[in-house]
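K.L.:
The file below is run-v4.cif, mmCIF, C-alpha atoms:
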data_coords
loop_
_atom_site.label_atom_id
_atom_site.label_comp_id
_atom_site.auth_asym_id
_atom_site.auth_seq_id
_atom_site.Cartn_x
_atom_site.Cartn_y
_atom_site.Cartn_z
CA MET A 225 -21.81 -12.57 -28.24
CA THR A 226 -18.04 -12.30 -28.56
CA ALA A 227 -15.55 -15.09 -27.77
CA GLY A 228 -14.27 -12.94 -24.89
CA ASN A 229 -17.75 -12.68 -23.33
CA PHE A 230 -18.24 -16.43 -23.75
CA ALA A 231 -14.92 -17.24 -22.02
CA ALA A 232 -15.64 -14.74 -19.22
CA ALA A 233 -19.14 -16.18 -18.68
CA ILE A 234 -17.94 -19.81 -18.54
CA LEU A 235 -15.17 -18.92 -16.08
CA THR A 236 -17.58 -16.83 -13.97
CA LEU A 237 -20.00 -19.78 -13.77
CA ALA A 238 -17.13 -22.13 -12.92
CA ILE A 239 -16.17 -19.93 -9.96
CA PHE A 240 -19.81 -19.52 -8.86
CA SER A 241 -20.17 -23.33 -8.88
CA PHE A 242 -18.24 -23.30 -5.59
CA LEU A 243 -21.44 -22.07 -3.92
CA TYR A 244 -22.80 -25.60 -4.41
CA ARG A 245 -19.60 -27.35 -3.31
CA GLU A 246 -15.98 -27.76 -4.37
CA ASN A 247 -15.90 -29.37 -7.83
CA PRO A 248 -13.50 -29.92 -10.76
CA PHE A 249 -14.81 -26.87 -12.70
CA PHE A 250 -14.08 -24.57 -9.78
CA ARG A 251 -10.64 -26.11 -9.19
CA LEU A 252 -9.79 -25.72 -12.88
CA ALA A 253 -10.79 -22.04 -12.86
CA GLU A 254 -8.98 -21.50 -9.56
CA HIS A 255 -5.72 -22.94 -10.91
CA LEU A 256 -6.07 -20.99 -14.14
CA LEU A 257 -6.56 -17.78 -12.14
CA VAL A 258 -3.42 -18.46 -10.09
CA GLY A 259 -1.37 -19.13 -13.22
CA LEU A 260 -2.68 -16.12 -15.16
CA SER A 261 -2.22 -13.77 -12.18
CA ALA A 262 1.37 -14.95 -11.62
CA GLY A 263 2.08 -14.59 -15.37
CA TYR A 264 0.48 -11.13 -15.47
CA PHE A 265 2.54 -10.03 -12.47
CA THR A 266 5.74 -11.29 -14.12
CA VAL A 267 5.06 -9.22 -17.24
CA ILE A 268 4.24 -6.10 -15.22
CA ALA A 269 7.35 -6.55 -13.02
CA VAL A 270 9.65 -6.98 -16.01
CA GLN A 271 8.09 -4.20 -18.13
CA GLY A 272 7.45 -1.73 -15.34
CA THR A 273 10.56 -2.08 -13.19
CA LEU A 274 13.31 -4.38 -14.42
CA VAL A 275 13.49 -2.89 -17.94
CA PRO A 276 13.43 0.84 -16.98
CA LYS A 277 15.47 0.49 -13.78
CA VAL A 278 18.06 -2.14 -14.80
CA LEU A 279 18.25 -2.85 -18.55
CA GLU A 280 17.78 0.69 -19.92
CA PRO A 281 20.35 2.32 -17.56
CA LEU A 282 22.77 -0.52 -18.42
CA GLN A 283 22.37 0.24 -22.13
CA ALA A 284 22.89 3.94 -21.39
CA GLY A 285 26.19 3.15 -19.65
CA ASP A 286 25.10 3.87 -16.06
CA TRP A 287 27.39 1.50 -14.16
CA TRP A 288 25.59 2.01 -10.85
CA VAL A 289 23.07 -0.45 -12.22
CA VAL A 290 25.57 -3.24 -11.56
CA VAL A 291 24.52 -3.08 -7.89
CA PRO A 292 20.82 -4.02 -8.43
CA PHE A 293 21.98 -6.58 -11.02
CA ILE A 294 24.11 -8.33 -8.37
CA LEU A 295 21.26 -8.01 -5.88
CA ILE A 296 18.89 -9.77 -8.33
CA ILE A 297 21.37 -12.64 -8.70
CA LEU A 298 21.75 -12.88 -4.92
CA ILE A 299 17.99 -12.95 -4.34
CA LEU A 300 17.57 -15.65 -6.98
CA GLY A 301 19.95 -17.68 -4.80
CA ARG A 302 16.94 -18.32 -2.59
CA LEU A 303 15.82 -21.00 -5.06
CA THR A 304 18.54 -23.47 -4.07
CA GLU A 305 19.52 -24.68 -0.61
CA LYS A 306 23.25 -24.09 -1.15
CA THR A 307 22.98 -20.44 -2.21
CA ARG A 308 20.11 -19.50 0.13
CA PRO A 309 22.25 -17.64 2.77
CA ALA A 310 23.40 -15.18 0.07
CA SER A 311 19.80 -14.04 -0.44
CA ARG A 312 19.86 -12.51 3.06
CA ILE A 313 22.11 -9.69 1.79
CA PRO A 314 19.52 -8.05 -0.52
CA LEU A 315 16.86 -8.77 2.09
CA ALA A 316 18.99 -6.95 4.69
CA LEU A 317 19.22 -3.97 2.34
CA ILE A 318 15.48 -3.81 1.72
CA ILE A 319 14.61 -4.33 5.41
CA GLY A 320 17.21 -1.86 6.72
CA ALA A 321 16.47 0.83 4.13
CA GLY A 322 12.72 0.23 4.51
CA ALA A 323 12.95 0.65 8.29
CA GLY A 324 15.01 3.83 7.84
CA VAL A 325 12.51 5.34 5.39
CA ALA A 326 9.61 4.27 7.60
CA VAL A 327 10.62 6.22 10.73
CA PRO A 328 10.23 9.81 9.42
CA ALA A 329 7.43 8.80 7.02
CA LEU A 330 5.36 7.14 9.75
CA LEU A 331 6.02 9.95 12.23
CA GLN A 332 4.68 12.36 9.63
CA ALA A 333 1.78 10.42 8.08
CA ARG A 334 0.57 8.20 10.89
CA ILE A 335 1.22 10.29 13.98
CA LEU A 336 1.61 14.04 13.34
CA VAL A 337 -1.04 14.31 10.62
CA GLN A 338 -3.55 12.28 12.65
CA LEU A 339 -2.84 14.29 15.80
CA SER A 340 -3.19 17.65 14.04
CA ALA A 341 -6.46 16.51 12.42
CA THR A 342 -7.75 15.60 15.90
CA MET A 343 -6.68 18.81 17.67
CA LYS A 344 -9.41 21.03 16.27
CA PRO A 345 -11.23 23.81 18.19
CA LEU A 346 -13.89 22.22 20.40
CA ASN A 347 -16.66 24.33 18.88
CA SER A 348 -18.80 21.49 17.53
CA ALA A 349 -20.17 18.21 18.88
CA ALA A 350 -18.40 16.30 16.10
CA ASN A 351 -14.97 17.67 17.11
CA ILE A 352 -15.61 16.81 20.78
CA PHE A 353 -16.79 13.27 19.88
CA ILE A 354 -13.72 12.72 17.72
CA LEU A 355 -11.29 13.97 20.40
CA VAL A 356 -12.93 11.77 23.05
CA GLY A 357 -12.88 8.80 20.63
CA VAL A 358 -9.19 9.15 19.76
CA ILE A 359 -8.13 9.51 23.41
CA THR A 360 -10.27 6.60 24.66
CA THR A 361 -9.17 4.33 21.76
CA LEU A 362 -5.52 5.05 22.61
CA VAL A 363 -6.27 4.36 26.30
CA TYR A 364 -7.76 0.98 25.29
CA PHE A 365 -4.55 0.08 23.42
CA PHE A 366 -2.32 1.14 26.34
CA PHE A 367 -1.65 -2.14 28.11
CA SER A 368 1.14 -0.97 30.43
CA ARG A 369 -1.50 0.00 32.98
CA GLU A 370 -4.30 -2.29 34.13
CA HIS A 371 -7.74 -1.36 32.81
CA LYS A 372 -9.30 -0.67 36.21
CA GLY A 373 -11.09 2.30 37.87
CA TRP A 374 -11.47 5.51 35.81
CA TRP A 375 -8.76 4.30 33.41
CA GLY A 376 -10.82 1.15 32.79
CA LYS A 377 -13.94 3.24 32.18
CA LEU A 378 -12.09 5.28 29.54
CA ALA A 379 -10.89 2.01 27.94
CA THR A 380 -14.50 0.74 27.89
CA ILE A 381 -15.62 3.88 26.04
CA GLY A 382 -12.73 3.19 23.65
CA THR A 383 -14.11 -0.30 22.94
CA TRP A 384 -17.51 1.23 22.06
CA TYR A 385 -15.84 3.47 19.48
CA LEU A 386 -13.87 0.49 18.16
CA MET A 387 -17.01 -1.63 17.85
CA ILE A 388 -18.77 1.11 15.89
CA PHE A 389 -15.70 1.36 13.64
CA PHE A 390 -15.55 -2.42 13.08
CA GLY A 391 -19.30 -2.53 12.38
CA ALA A 392 -19.11 0.35 9.88
CA THR A 393 -16.06 -1.23 8.19
CA PHE A 394 -17.86 -4.57 8.02
CA GLY A 395 -20.92 -2.89 6.49
CA ASN A 396 -18.77 -1.14 3.89
CA THR A 397 -16.97 -4.40 3.02
CA VAL A 398 -20.24 -6.28 2.59
CA MET A 399 -21.63 -3.55 0.35
CA SER A 400 -18.50 -3.50 -1.83
CA ARG A 401 -18.69 -7.30 -2.24
CA ILE A 402 -22.40 -7.05 -3.04
CA SER A 403 -21.71 -4.44 -5.72
CA LEU A 404 -19.11 -6.81 -7.25
CA LEU A 405 -21.71 -9.60 -7.17
CA ILE A 406 -24.27 -7.34 -8.85
CA GLY A 407 -21.66 -6.54 -11.51
CA ARG A 408 -21.08 -10.23 -12.23
CA LEU A 409 -24.81 -11.01 -12.32
CA GLU A 410 -25.42 -8.04 -14.63
CA PHE A 411 -22.72 -9.42 -16.92
CA LEU A 412 -24.20 -12.94 -16.90
CA PHE A 413 -27.82 -11.87 -17.42
CA GLY A 414 -27.03 -8.91 -19.69
CA ASP A 415 -23.93 -9.42 -21.85
CA PHE A 416 -24.02 -13.24 -21.83
CA LEU A 417 -27.69 -14.25 -21.81
CA GLY A 418 -29.11 -10.97 -23.12
CA LEU A 419 -32.00 -11.02 -20.62
CA ILE A 420 -31.23 -7.49 -19.34
CA LYS A 421 -31.30 -4.79 -21.99
CA MET B 248 29.96 -14.20 8.88
CA THR B 249 26.73 -13.77 6.87
CA ARG B 250 24.87 -12.74 10.04
CA ARG B 251 27.44 -10.04 10.78
CA LEU B 252 27.32 -8.79 7.18
CA VAL B 253 23.51 -8.76 7.30
CA PHE B 254 23.64 -6.71 10.52
CA TRP B 255 26.03 -4.11 9.07
CA ILE B 256 24.07 -3.78 5.82
CA THR B 257 20.82 -3.32 7.76
CA LEU B 258 22.40 -0.78 10.12
CA SER B 259 24.18 1.28 7.45
CA PHE B 260 21.25 1.44 5.01
CA GLY B 261 18.79 2.02 7.86
CA VAL B 262 20.83 4.91 9.31
CA PHE B 263 21.43 6.42 5.85
CA MET B 264 17.73 6.30 4.89
CA LEU B 265 16.74 7.70 8.28
CA PHE B 266 19.11 10.67 8.19
CA GLN B 267 18.75 11.50 4.49
CA PHE B 268 15.41 13.02 5.54
CA PHE B 269 17.37 15.78 7.30
CA ILE B 270 20.15 16.11 4.66
CA PRO B 271 18.58 17.03 1.30
CA VAL B 272 21.95 17.05 -0.57
CA VAL B 273 22.01 13.24 -0.60
CA GLY B 274 18.72 13.14 -2.54
CA GLY B 275 20.36 11.46 -5.56
CA ALA B 276 21.76 8.57 -3.50
CA TYR B 277 18.43 8.28 -1.69
CA ARG B 278 16.54 7.88 -4.99
CA LYS B 279 19.08 5.29 -6.17
CA VAL B 280 18.56 3.21 -3.01
CA LEU B 281 14.79 3.49 -3.48
CA ASP B 282 15.22 2.12 -7.03
CA TRP B 283 17.34 -0.75 -5.71
CA MET B 284 14.68 -1.51 -3.12
CA GLN B 285 12.04 -1.65 -5.84
CA VAL B 286 14.21 -3.98 -7.93
CA ILE B 287 14.88 -6.30 -4.95
CA TYR B 288 11.22 -6.28 -3.97
CA LEU B 289 10.07 -7.28 -7.46
CA SER B 290 12.87 -9.83 -7.84
CA SER B 291 11.85 -11.48 -4.57
CA LEU B 292 8.29 -11.71 -5.87
CA LEU B 293 9.65 -13.22 -9.10
CA VAL B 294 11.40 -15.83 -6.93
CA GLY B 295 7.92 -16.70 -5.65
CA VAL B 296 6.57 -16.99 -9.21
CA ILE B 297 9.49 -19.22 -10.27
CA ALA B 298 9.01 -21.42 -7.18
CA LEU B 299 5.29 -21.70 -7.97
CA GLY B 300 6.06 -22.75 -11.56
CA LEU B 301 8.68 -25.29 -10.45
CA GLN B 302 6.35 -26.77 -7.84
CA HIS B 303 3.57 -27.31 -10.39
CA LEU B 304 6.00 -28.58 -13.06
CA ARG B 305 7.24 -31.16 -10.53
CA LYS B 306 3.64 -32.31 -9.97
CA VAL B 307 3.07 -32.60 -13.74
CA SER B 308 6.33 -34.46 -14.37
CA THR B 309 5.63 -37.02 -11.60
CA LEU B 310 1.92 -37.26 -12.57
CA SER B 311 1.00 -36.91 -8.89
CA SER B 312 -2.61 -36.38 -7.86
CA GLY B 313 -4.15 -33.23 -9.37
CA TRP B 314 -1.44 -32.93 -12.03
CA GLY B 315 -4.03 -31.78 -14.57
CA TYR B 316 -4.80 -28.71 -12.48
CA SER B 317 -1.08 -28.02 -12.14
CA LEU B 318 -0.79 -28.19 -15.92
CA VAL B 319 -3.50 -25.50 -16.17
CA THR B 320 -1.57 -23.29 -13.71
CA VAL B 321 1.65 -23.71 -15.69
CA ALA B 322 -0.23 -22.99 -18.93
CA GLY B 323 -1.61 -19.75 -17.46
CA LEU B 324 1.79 -18.81 -16.08
CA VAL B 325 3.47 -19.29 -19.46
CA ALA B 326 0.61 -17.87 -21.57
CA MET B 327 0.77 -14.34 -20.17
CA PRO B 328 4.53 -13.66 -20.72
CA VAL B 329 4.40 -15.38 -24.15
CA ALA B 330 1.37 -13.27 -25.16
CA ALA B 331 3.16 -10.13 -23.91
CA PHE B 332 5.90 -10.69 -26.53
CA TRP B 333 3.39 -9.62 -29.19
CA GLY B 334 2.49 -6.46 -27.30
CA THR B 335 0.37 -5.44 -24.34
CA GLY B 336 -1.90 -2.88 -26.05
CA GLU B 337 -5.69 -2.94 -26.03
CA SER B 338 -5.92 -5.15 -29.13
CA SER B 339 -3.29 -7.66 -27.95
CA VAL B 340 -3.77 -11.28 -26.86
CA PHE B 341 -2.25 -10.32 -23.50
CA PHE B 342 -4.98 -7.74 -22.92
CA TRP B 343 -7.65 -10.22 -24.11
CA LEU B 344 -6.47 -12.82 -21.57
CA PHE B 345 -6.37 -10.20 -18.83
CA ASN B 346 -9.74 -8.65 -19.65
CA ASN B 347 -11.75 -11.78 -20.46
CA MET B 348 -10.21 -14.36 -18.15
CA GLN B 349 -8.27 -12.86 -15.25
CA VAL B 350 -10.50 -9.88 -14.37
CA PRO B 351 -13.85 -11.77 -14.50
CA MET B 352 -12.46 -14.63 -12.38
CA GLN B 353 -10.90 -12.24 -9.88
CA SER B 354 -14.06 -10.18 -9.40
CA THR B 355 -16.18 -13.36 -9.17
CA VAL B 356 -13.92 -14.75 -6.42
CA PHE B 357 -14.28 -11.48 -4.49
CA SER B 358 -18.04 -11.40 -5.08
CA LEU B 359 -18.27 -14.95 -3.64
CA LEU B 360 -17.16 -13.40 -0.37
CA ALA B 361 -20.52 -11.58 -0.20
CA PHE B 362 -22.22 -14.94 0.47
CA PHE B 363 -19.68 -16.09 3.03
CA VAL B 364 -19.53 -12.75 4.83
CA ALA B 365 -23.35 -12.62 4.96
CA SER B 366 -23.62 -16.17 6.36
CA ALA B 367 -20.82 -15.49 8.90
CA ALA B 368 -22.62 -12.31 9.99
CA PHE B 369 -25.92 -14.18 10.35
CA ARG B 370 -24.25 -16.73 12.64
CA GLY B 371 -21.93 -14.36 14.49
CA PHE B 372 -23.94 -11.18 15.02
CA ARG B 373 -25.73 -11.61 18.33
CA ALA B 374 -26.44 -8.57 20.52
CA ARG B 375 -25.29 -10.30 23.72
CA SER B 376 -23.53 -7.23 25.16
CA LEU B 377 -23.38 -3.46 24.57
CA PRO B 378 -20.22 -3.63 22.36
CA ALA B 379 -21.78 -6.47 20.30
CA PHE B 380 -24.99 -4.44 19.98
CA LEU B 381 -23.01 -1.38 18.77
CA LEU B 382 -21.20 -3.55 16.20
CA LEU B 383 -24.49 -4.95 14.91
CA VAL B 384 -26.30 -1.61 14.79
CA SER B 385 -23.47 0.30 13.09
CA ALA B 386 -23.06 -2.44 10.44
CA ALA B 387 -26.83 -2.46 9.82
CA ILE B 388 -27.04 1.35 9.54
CA VAL B 389 -24.08 1.55 7.13
CA MET B 390 -25.55 -1.23 4.94
CA LEU B 391 -29.07 0.23 4.96
CA GLY B 392 -27.68 3.69 4.22
CA ARG B 393 -26.20 2.41 0.96
CA VAL B 394 -29.26 0.74 -0.59
CA PRO B 395 -32.56 2.20 -1.86
CA ILE B 396 -34.62 0.02 0.51
CA GLY B 397 -32.89 1.74 3.45
CA THR B 398 -34.11 5.13 2.29
CA LYS B 399 -37.61 3.68 1.81
CA LEU B 400 -37.61 2.31 5.38
CA TYR B 401 -36.37 5.56 6.89
CA PHE B 402 -35.46 8.60 4.80
CA ASP B 403 -32.48 9.58 7.00
CA PHE B 404 -30.52 6.29 6.87
CA PRO B 405 -27.93 7.63 4.36
CA ALA B 406 -27.22 10.65 6.62
CA TRP B 407 -26.92 8.40 9.69
CA SER B 408 -24.60 6.08 7.83
CA GLN B 409 -22.40 8.99 6.75
CA ALA B 410 -22.37 10.40 10.31
CA LEU B 411 -21.24 7.01 11.67
CA LEU B 412 -18.42 6.92 9.14
CA ASP B 413 -17.44 10.58 9.68
CA ILE B 414 -17.41 10.79 13.49
CA PRO B 415 -16.98 7.65 15.66
CA SER B 416 -15.37 5.58 12.90
CA VAL B 417 -12.87 8.33 12.10
CA ALA B 418 -12.02 8.69 15.80
CA ALA B 419 -11.38 4.96 16.28
CA ARG B 420 -9.44 4.74 13.01
CA ARG B 421 -7.22 7.65 14.09
CA GLY B 422 -6.55 5.97 17.42
CA ILE B 423 -5.61 2.74 15.62
CA LEU B 424 -3.41 4.60 13.09
CA ILE B 425 -1.55 6.49 15.82
CA GLY B 426 -1.00 3.17 17.65
CA ILE B 427 0.24 1.51 14.45
CA GLY B 428 2.52 4.48 13.78
CA LEU B 429 4.11 4.35 17.24
CA GLY B 430 4.49 0.56 17.06
CA SER B 431 6.00 0.69 13.56
CA VAL B 432 8.51 3.40 14.52
CA ALA B 433 9.59 1.34 17.56
CA THR B 434 9.91 -1.83 15.43
CA SER B 435 11.86 0.02 12.72
CA LEU B 436 14.35 1.33 15.28
CA ARG B 437 14.72 -2.20 16.72
CA VAL B 438 15.43 -3.54 13.21
CA ILE B 439 17.99 -0.82 12.42
CA LEU B 440 19.81 -1.29 15.72
CA GLY B 441 19.91 -5.07 15.32
CA ILE B 442 17.70 -5.87 18.32
CA GLU B 443 15.14 -7.53 16.03
CA ARG B 444 17.14 -10.30 14.32
CA GLY B 445 14.49 -12.73 13.06
CA PHE B 446 15.41 -12.19 9.40
CA PHE B 447 19.16 -12.68 10.01
CA GLY B 448 18.73 -16.43 9.67
CA ARG B 449 19.90 -19.23 11.93
CA LYS B 450 23.29 -19.21 13.63
CA VAL B 451 25.54 -21.69 11.86
#
Write the structure described by the file as structure tokens, please.
P.N.:
Amino acid sequence: MTAGNFAAAILTLAIFSFLYRENPFFRLAEHLLVGLSAGYFTVIAVQGTLVPKVLEPLQAGDWWVVVPFILIILILGRLTEKTRPASRIPLALIIGAGAGVAVPALLQARILVQLSATMKPLNSAANIFILVGVITTLVYFFFSREHKGWWGKLATIGTWYLMIFFGATFGNTVMSRISLLIGRLEFLFGDFLGLIK
Amino acid sequence: MTRRLVFWITLSFGVFMLFQFFIPVVGGAYRKVLDWMQVIYLSSLLVGVIALGLQHLRKVSTLSSGWGYSLVTVAGLVAMPVAAFWGTGESSVFFWLFNNMQVPMQSTVFSLLAFFVASAAFRGFRARSLPAFLLLVSAAIVMLGRVPIGTKLYFDFPAWSQALLDIPSVAARRGILIGIGLGSVATSLRVILGIERGFFGRKV
């Protein structure tokens, strides 16, 4: 058994100990995970974005890079009470530009693509079921008109589709968590204890 | 003053990013703004990391309750960047910490959810009405369709599970996505035009 496997097994058991109740081993592992994840993110952020998008262009003499450099300083102003209002300037840029990018992107990806995928020839039961499902789900989410009469009946059909969707999503989530659990148990009983060959 | 500046920055960058879609010649400026956005986004997350470190350092320095755990958090927070100085390749300490400490703990935390989700489902899933019955049945079919015992119980469970995912689920998801799309476009326009001002900060 390697030192890496030993460390991984001890930390896995520490996290699993939460199934009994909250205890110092779990809290230790939890805090270590928070620290390591934050440290890992810092490294990835610096290596993956700040170096190629700020430091390297600066070394190459691209003076446009002064703008993000100032924006970084302004956003770091959030750490003290006195300089906090200045951090709203980079936030305004990211929110404004993000909203501007979002309009055409969402119209394309979320609305037009979904509508064109729904408007298929009604030559199969699946296509008819999907068309009915999309229309009734949208009717359910349309709250400007009271869900009464035939409109209410359409909304009710929409809730049936939604419930099937939520159930299927729940089932998928459970199975993905179970496969993670199986992976951890395989590691503990195989790589750590050697009981599974 | 800051509120007015924030409004004009939001409006000008919002309008520019919206209309660049129709004016391909400004592609260079568009990519530059995207880079700036990425830098701001990551810097704001770094602010969170720094605040986390400072908070735990304060607890350690004042020896307040649970300071030992805070020390562990700070140690983890410092260990990764320090280890990264000596490289991030497959044989590095950084990779060892990531592979043998962070990844196992992360996947174990997520696997713990299997127990909690299962117990919540046991308590919450009651077929009291038709929608609740549909929720229960579709979850059961999808789960049984993914395990060997499901096929042993009824050979067609995997096909049923796939049909549920391919037809009614897809229809509901499309309805939700179209709704999200329309809502997001409306919210984006409100932000650009300054109707939505929550992030402007308080009036001084």
K.L.:
I need the residue set behind the PyMOL selection byres ((chain A and resi 236) around 9) for this file; please write it as a ChimeraX atom specification.
P.N.:
/A:231-235,237-241,253,408,412 /B:348,351-352,354-356
K.L.:
Write out, as a PDB file, keeping the file's coordinate frame, the residues just selected, with C-alpha atoms.
P.N.:
ATOM      1  CA  ALA A 231     -14.920 -17.240 -22.020  1.00  0.00           C
ATOM      2  CA  ALA A 232     -15.640 -14.740 -19.220  1.00  0.00           C
ATOM      3  CA  ALA A 233     -19.140 -16.180 -18.680  1.00  0.00           C
ATOM      4  CA  ILE A 234     -17.940 -19.810 -18.540  1.00  0.00           C
ATOM      5  CA  LEU A 235     -15.170 -18.920 -16.080  1.00  0.00           C
ATOM      6  CA  LEU A 237     -20.000 -19.780 -13.770  1.00  0.00           C
ATOM      7  CA  ALA A 238     -17.130 -22.130 -12.920  1.00  0.00           C
ATOM      8  CA  ILE A 239     -16.170 -19.930  -9.960  1.00  0.00           C
ATOM      9  CA  PHE A 240     -19.810 -19.520  -8.860  1.00  0.00           C
ATOM     10  CA  SER A 241     -20.170 -23.330  -8.880  1.00  0.00           C
ATOM     11  CA  ALA A 253     -10.790 -22.040 -12.860  1.00  0.00           C
ATOM     12  CA  ARG A 408     -21.080 -10.230 -12.230  1.00  0.00           C
ATOM     13  CA  LEU A 412     -24.200 -12.940 -16.900  1.00  0.00           C
TER      14      LEU A 412
ATOM     15  CA  MET B 348     -10.210 -14.360 -18.150  1.00  0.00           C
ATOM     16  CA  PRO B 351     -13.850 -11.770 -14.500  1.00  0.00           C
ATOM     17  CA  MET B 352     -12.460 -14.630 -12.380  1.00  0.00           C
ATOM     18  CA  SER B 354     -14.060 -10.180  -9.400  1.00  0.00           C
ATOM     19  CA  THR B 355     -16.180 -13.360  -9.170  1.00  0.00           C
ATOM     20  CA  VAL B 356     -13.920 -14.750  -6.420  1.00  0.00           C
TER      21      VAL B 356
END
K.L.:
Just want the 12 Å neighbourhood of B:Phe362, counted on only C-alpha atoms, with same-chain residues fewer than 5 positions away dropped. Output as a list in words.
P.N.:
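Surrounding residues, per the criterion: Phe240, Phe242, Leu243, Tyr244, Val398, Met399, Arg401, Ile402, Leu404 and Leu405 of chain A; Thr355, Val356, Phe357, Ala367, Ala368 and Phe369 of chain B.
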K.L.:
Could you state which residues are captured by the PyMOL selection byres ((chain B and resi 294) around 8) in this file, as an mmCIF file with C-alpha atoms, in the frame of the given file?
P.N.:
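The resulting part_31.cif:
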data_model
loop_
_atom_site.group_PDB
_atom_site.id
_atom_site.type_symbol
_atom_site.label_atom_id
_atom_site.label_comp_id
_atom_site.auth_asym_id
_atom_site.auth_seq_id
_atom_site.Cartn_x
_atom_site.Cartn_y
_atom_site.Cartn_z
ATOM 1 C CA ILE A 299 17.990 -12.950 -4.340
ATOM 2 C CA LEU A 300 17.570 -15.650 -6.980
ATOM 3 C CA ARG A 302 16.940 -18.320 -2.590
ATOM 4 C CA LEU A 303 15.820 -21.000 -5.060
ATOM 5 C CA SER B 290 12.870 -9.830 -7.840
ATOM 6 C CA SER B 291 11.850 -11.480 -4.570
ATOM 7 C CA LEU B 292 8.290 -11.710 -5.870
ATOM 8 C CA LEU B 293 9.650 -13.220 -9.100
ATOM 9 C CA GLY B 295 7.920 -16.700 -5.650
ATOM 10 C CA VAL B 296 6.570 -16.990 -9.210
ATOM 11 C CA ILE B 297 9.490 -19.220 -10.270
ATOM 12 C CA ALA B 298 9.010 -21.420 -7.180
#
K.L.:
Env of B:Gln302: 12 Å cut, atoms = all atoms listed in the file, seq-sep filter 3 positions within chain, self excluded. Answer as a PyMOL selection string.
P.N.:
(chain A and resi 303) or (chain B and resi 295-299+305-309+311+314+317-318+320-321)
K.L.:
Run through the PyMOL selection byres ((chain A and resi 277) around 9) on the given coordinates and return the selected residues as a PDB file with C-alpha atoms, in the frame of the given file.
P.N.:
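The resulting file, result_28.pdb, is reproduced below:
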ATOM      1  CA  GLY A 272       7.450  -1.730 -15.340  1.00  0.00           C
ATOM      2  CA  THR A 273      10.560  -2.080 -13.190  1.00  0.00           C
ATOM      3  CA  LEU A 274      13.310  -4.380 -14.420  1.00  0.00           C
ATOM      4  CA  VAL A 275      13.490  -2.890 -17.940  1.00  0.00           C
ATOM      5  CA  PRO A 276      13.430   0.840 -16.980  1.00  0.00           C
ATOM      6  CA  VAL A 278      18.060  -2.140 -14.800  1.00  0.00           C
ATOM      7  CA  LEU A 279      18.250  -2.850 -18.550  1.00  0.00           C
ATOM      8  CA  GLU A 280      17.780   0.690 -19.920  1.00  0.00           C
ATOM      9  CA  PRO A 281      20.350   2.320 -17.560  1.00  0.00           C
ATOM     10  CA  LEU A 282      22.770  -0.520 -18.420  1.00  0.00           C
ATOM     11  CA  VAL A 289      23.070  -0.450 -12.220  1.00  0.00           C
ATOM     12  CA  PRO A 292      20.820  -4.020  -8.430  1.00  0.00           C
TER      13      PRO A 292
ATOM     14  CA  ASP B 282      15.220   2.120  -7.030  1.00  0.00           C
ATOM     15  CA  TRP B 283      17.340  -0.750  -5.710  1.00  0.00           C
ATOM     16  CA  GLN B 285      12.040  -1.650  -5.840  1.00  0.00           C
ATOM     17  CA  VAL B 286      14.210  -3.980  -7.930  1.00  0.00           C
TER      18      VAL B 286
END
K.L.:
Tell me which protein, DNA and RNA residues are within 8 Å of B:Leu436, counting only C-alpha atoms, leaving out same-chain ones fewer than 3 positions away, and put them as a list in words.
P.N.:
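Non-adjacent residues within range: Ala323, Gly324 and Val327 of chain A; Val432, Ala433, Ile439 and Leu440 of chain B.
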K.L.:
In Å, how far is it from atom CA of A:Glu370 to atom CA of B:Ile423?
P.N.:
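These atoms are spaced 19.2 Å apart.
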K.L.:
Quick one: of B:Ile427, B:Val417, B:Leu381, B:Gly445, who's nearest to A:Trp384, counting all atoms listed in the file?
P.N.:
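Looking at the shortest contact to A:Trp384, the residue is B:Leu381.
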K.L.:
Please write as a list in words the list of polymer residues whose atoms come within 9 Å of (-15.0, 12.8, 17.1), counting only C-alpha atoms and keeping to the coordinates of the file.
P.N.:
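Result, sorted by chain then residue number: Thr342, Ala349, Ala350, Asn351, Ile352, Phe353, Ile354, Leu355, Val356, Gly357 and Val358 of chain A; Asp413, Ile414, Pro415, Ser416, Val417, Ala418 and Ala419 of chain B.
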K.L.:
Stretch 257-271 of chain B: which residues within 10 Å, counting only C-alpha atoms, same-chain residues fewer than 2 positions away excluded, as a count of residues only?
P.N.:
36
K.L.:
Can you measure atom CA of B:Leu289 to atom CA of A:Ala269 for me? One decimal in Å is fine.
P.N.:
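Taking atom CA of B:Leu289 as the start and atom CA of A:Ala269 as the end point, the length is 6.2 Å.
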K.L.:
If I take atom CA of B:Leu304 and atom CA of A:Arg245, how far is one from the other in Å, to one decimal?
P.N.:
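Atom CA of A:Arg245 lies at a distance of 27.4 Å from atom CA of B:Leu304.
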K.L.:
Taking only C-alpha atoms into account, which of A:Leu378, A:Ile268, A:Ala341, A:Met387 comes nearest chain B?
P.N.:
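The answer is A:Met387, which sits nearest to chain B.
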K.L.:
Excluding B:Leu400 and any residue of its chain fewer than 6 positions from it, enumerate the residues within 12 Å of it, using all atoms listed in the file, and give them as an MDAnalysis selection string.
P.N.:
chainID B and resid 388 391:392 394
K.L.:
Taking all atoms listed in the file into account, name the residue in A:Ser261, A:Ser368, A:Ser348, A:Thr307 that is nearest to chain B.
P.N.:
A:Ser261
K.L.:
Pick the closest to B:Tyr288 from A:Leu295, A:Leu346, A:Ile388, A:Leu417: which is it, counting only C-alpha atoms?
P.N.:
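Of the candidates, the smallest distance to B:Tyr288 is held by A:Leu295.
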